[in-house]
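Here is the structure we will look at.
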Amino acid sequence: MSPAKSLSSHLWATLALSFPLMIGQIALISIWTADIIMMGWINTDALAAGTQANRMYQPLYFIAIGLTLAVSPLTSQALGGKKQRIARQVLRMGIWMAILYGLFTIIPMWHGEAILLWLRQDPAIAEHAALYLRLMGVGMPFTFVFFVLRNYISAYQKPIPPVIITCIGVVINIILNQAFAMGWFGLPAMELAGIGLATATTFILMVFMLIIYMVTNKQIGRTRPFGRLLRFNPMVMKRLLIVGFPIGLTLLAETGMFIVGGIYMGIFGIAAVAASGISNQIGAVAYMIPLAISLATTIRIGHAAGANQPNEAIRAGIMSVLLVTSITLVLTVIIYLFRAELVQLFLNPDDALYDAVMTYAVAMIIIVAIFQLFDGLQSVFIAALRGISDTRMPALISIFCYWGIGLTSGYILATPLDYGPIGIWIGITIGLIAATCILGWRCWQTRNRLKHSGHFHLI
């Protein structure tokens with residue numbers, strides 16, 4: 001038996017894995033951030049239409065992230081137990097799942113205008129968003145396959161290649177945004193629709209780059225990762241769904257709180273919608289740092305679980321919590337101090353609604369700064385549980401806290417108590433605080449159980 005690692009060694013191991021994942025997550029969110037900035041540069045109408053379109057797109061997107069995230073712990077557990085054949089089967093079924101779900105999601109995206117109208121959005125916004133959603137929909141199967149491949153490579157504790165490819169994708173997306181939306185190189189200026197085409201094309205290209213890396217890398221390539229790709233394995237698919245579907249529900253519960261709050265924001269006008277889109281994006285960019293640490297936590301605990309080393313898993317989890325706490329407190333200070341400058345990045349100063357959007361957005365950003373600690377901690381608590389395939393109860397906890405507490409309090413504050421758009425964001429913060437406390441308690445119970453039993457009970 002290998003000697004136990006010290007807490008400091010766990011800190012450095014988590015940082016070594018987290019840092020490239022952090023760059024990768026920031027690069028990935030940069031694709032969407034570049035899209036939002038481009039929308040704002042076109043005009044406020046395009047920003048509002050793109051914001052509401054993304055809120056229709058995001059539930060489908062985050063369910064896919066949850067489903068494909070199951071590839072990471074299951075591959076990590078297989079590799080930790082020296083079972084490469086099972087790891088390859090997880091990859092194959094992950095690709096099947098991504099393609100099948102991606103094809104299904106094209107249907108609501110194709111009818112996006114009708115869905116937005118059904119959600120009582122402004123008809124002008126719905127019409128403006130229609131082609132953008134259709135073009136984004138075409139790229140969804142490739143987007144989801146990208147997540148599968150990235151999670152599989154990261155489970156080998158090789159996060160740098162996907163990071164490099166994602167950074168290349170950011171550059172490609174920025175160039176294509178200018179080409180398709182603004183009409184560079186003699187192309188027609190498609191405005192908002194061009195942004196959708198640029199993003200879909202970017203993910204298609206990134207998938208092919210990841211495939212090339214996997215088949216040419218010695219460690220991964222020698223396992224023939226894409227061998228027998230058409231062979232369906234129902235047992236592995238079932239395990240992916242058992243682990244992944246609750247993760248998808250968990251992500252949908254949290255992001256759904258933001259999405260539904262954002263859609264409800266529509267009753268307060270275009271300026272409130274645009275401000276909410278900016279605030280949401282700034283919060284999402286900041287969240288990429290604790291999210292990267294959470295992804296590393298899942299991988300490290302998954303490896304410890306596969307090797308049946310509960311004490312190592314506990315130490316890895318403790319260091320992740322301390323790391324996220326420190327970083328999110330720093331993020332809180334930075335966001336608060338530079339709140340006005342951050343908002344200005346997304347706006348055209350000549351726009352008629354510039355002052356109104358600034359007023360709303362700066363107030364919202366203060367709340368974004370406040371909830372950084374709670375958003376980061378709930379993420380790492382869920383990630384630690386995910387590493388040992390504990391995903392069902394966290395999903396139920398998330399649904400209760402985000403929808404039962406967060407959205408309910410947000411509605412009460414926004415409308416009956418007349419706090420307006422700010423009330424929605426306060427309610428979101430209340431939901432995050434509740435989730436952090438309950439998930440933290442579950443992690444503590446799990447830690448005590450592992451200390452007592454001395455071994456894992458994996459799904």
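Lettering and numbering for the structure tokens are positional, with chains as A, B, ... in the shown order, residues counted from 1 in each chain, and ligands counted from 1 in the shown order.
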Practice item. Give me the residues within 7 Å of region 323-327 of chain A as a PyMOL selection string, counting only C-alpha atoms and dropping any in the same chain fewer than 2 places off. Key: chain A and resi 290+319-321+329-331+373+376-377
Review point. Quick one: distance from CA of Ala307 (chain A) to CA of Pro159 (chain A) in Å, one decimal?
Key: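 That distance, rounded to one decimal, is 20.9 Å.
For the pair CA of Pro310 (chain A) and CA of Gln445 (chain A), the separation is 13.6 Å.
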Study note, to complete from the structure: Using only C-alpha atoms, the best pick from A:Gly94, A:Gly410, A:Gly137, A:Gly50 as closest to His111 (chain A) would be A:Gly137
Point to revise | A:Met38, A:Ala284, A:Leu28, A:Ser154 ranked by distance to Ala179 (chain A), top pick (using only C-alpha atoms) | key: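 Of A:Met38, A:Ala284, A:Leu28, A:Ser154, the one nearest Ala179 (chain A), counting only C-alpha atoms, is A:Met38.
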Exercise for review: List the neighbours of Ala48 (chain A) out to 8 Å using only C-alpha atoms; skip same-chain residues closer than 3 positions along the sequence, and give me the result as a ChimeraX atom specification.
Suggested key: /A:44-45,51-52,125,270-271,273-274,277
Review point. Which residue gives the smallest distance to Ile212 (chain A) among A:Leu342, A:Ser276, A:Ala126, A:Ile165, with only C-alpha atoms counted?
Key: A:Ile165
Review point. Which of these residues is nearest to Arg239 (chain A), using only C-alpha atoms: A:Gly406, A:Pro73, A:Gly227, A:Gly431?
Key: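 Among the listed residues, the smallest separation from Arg239 (chain A) belongs to A:Pro73.
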Review point. Which one is closest to Leu353 (chain A): A:Ala275, A:Met182, A:Ala313, A:Leu407? Count only C-alpha atoms.
Key: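 Result for the nearest residue to Leu353 (chain A): A:Ala275.
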Check your understanding: Leaving out Tyr132 (chain A) and any residue of its chain fewer than 6 positions from it, which residues lie within 7 Å of it when counting only C-alpha atoms, given as a PyMOL selection string?
Key -> chain A and resi 192-193+196
Selected residues written out with all heavy atoms, as a PDB file, in the first residue's frame:
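File written: selection02.pdb
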```pdb
ATOM      1  N   LEU A 192     -27.090  38.835 -35.894  1.00  0.00           N
ATOM      2  CA  LEU A 192     -27.258  37.836 -34.834  1.00  0.00           C
ATOM      3  C   LEU A 192     -27.170  36.411 -35.380  1.00  0.00           C
ATOM      4  O   LEU A 192     -26.532  35.537 -34.773  1.00  0.00           O
ATOM      5  CB  LEU A 192     -28.600  38.051 -34.130  1.00  0.00           C
ATOM      6  CG  LEU A 192     -28.909  37.101 -32.967  1.00  0.00           C
ATOM      7  CD1 LEU A 192     -27.869  37.216 -31.866  1.00  0.00           C
ATOM      8  CD2 LEU A 192     -30.309  37.363 -32.419  1.00  0.00           C
ATOM      9  N   ALA A 193     -27.783  36.144 -36.506  1.00  0.00           N
ATOM     10  CA  ALA A 193     -27.736  34.799 -37.102  1.00  0.00           C
ATOM     11  C   ALA A 193     -26.297  34.391 -37.418  1.00  0.00           C
ATOM     12  O   ALA A 193     -25.922  33.223 -37.275  1.00  0.00           O
ATOM     13  CB  ALA A 193     -28.587  34.750 -38.363  1.00  0.00           C
ATOM     14  N   GLY A 196     -24.608  32.790 -34.472  1.00  0.00           N
ATOM     15  CA  GLY A 196     -24.988  31.387 -34.311  1.00  0.00           C
ATOM     16  C   GLY A 196     -24.217  30.480 -35.253  1.00  0.00           C
ATOM     17  O   GLY A 196     -23.746  29.400 -34.870  1.00  0.00           O
TER      18      GLY A 196
END
```
**Study point:** Sel. of helix (DSSP H, G or I) residues, region 202-413 of chain A, as a PyMOL selection string
**Key:** chain A and resi 202-216+218-221+234-268+270-306+310-337+339-344+354-370+372-387+392-413
Exercise for review: Identify, on the basis of only C-alpha atoms, every residue whose closest approach to Ile388 (chain A) does not exceed 12 Å; exclude the query and any residue fewer than 2 positions from it along the same chain; express the result as a VMD selection string.
Suggested key: chain A and resid 70 72 to 77 243 297 to 310 313 to 314 317 381 to 386 390 to 392 443 446 to 447 450 455 to 459
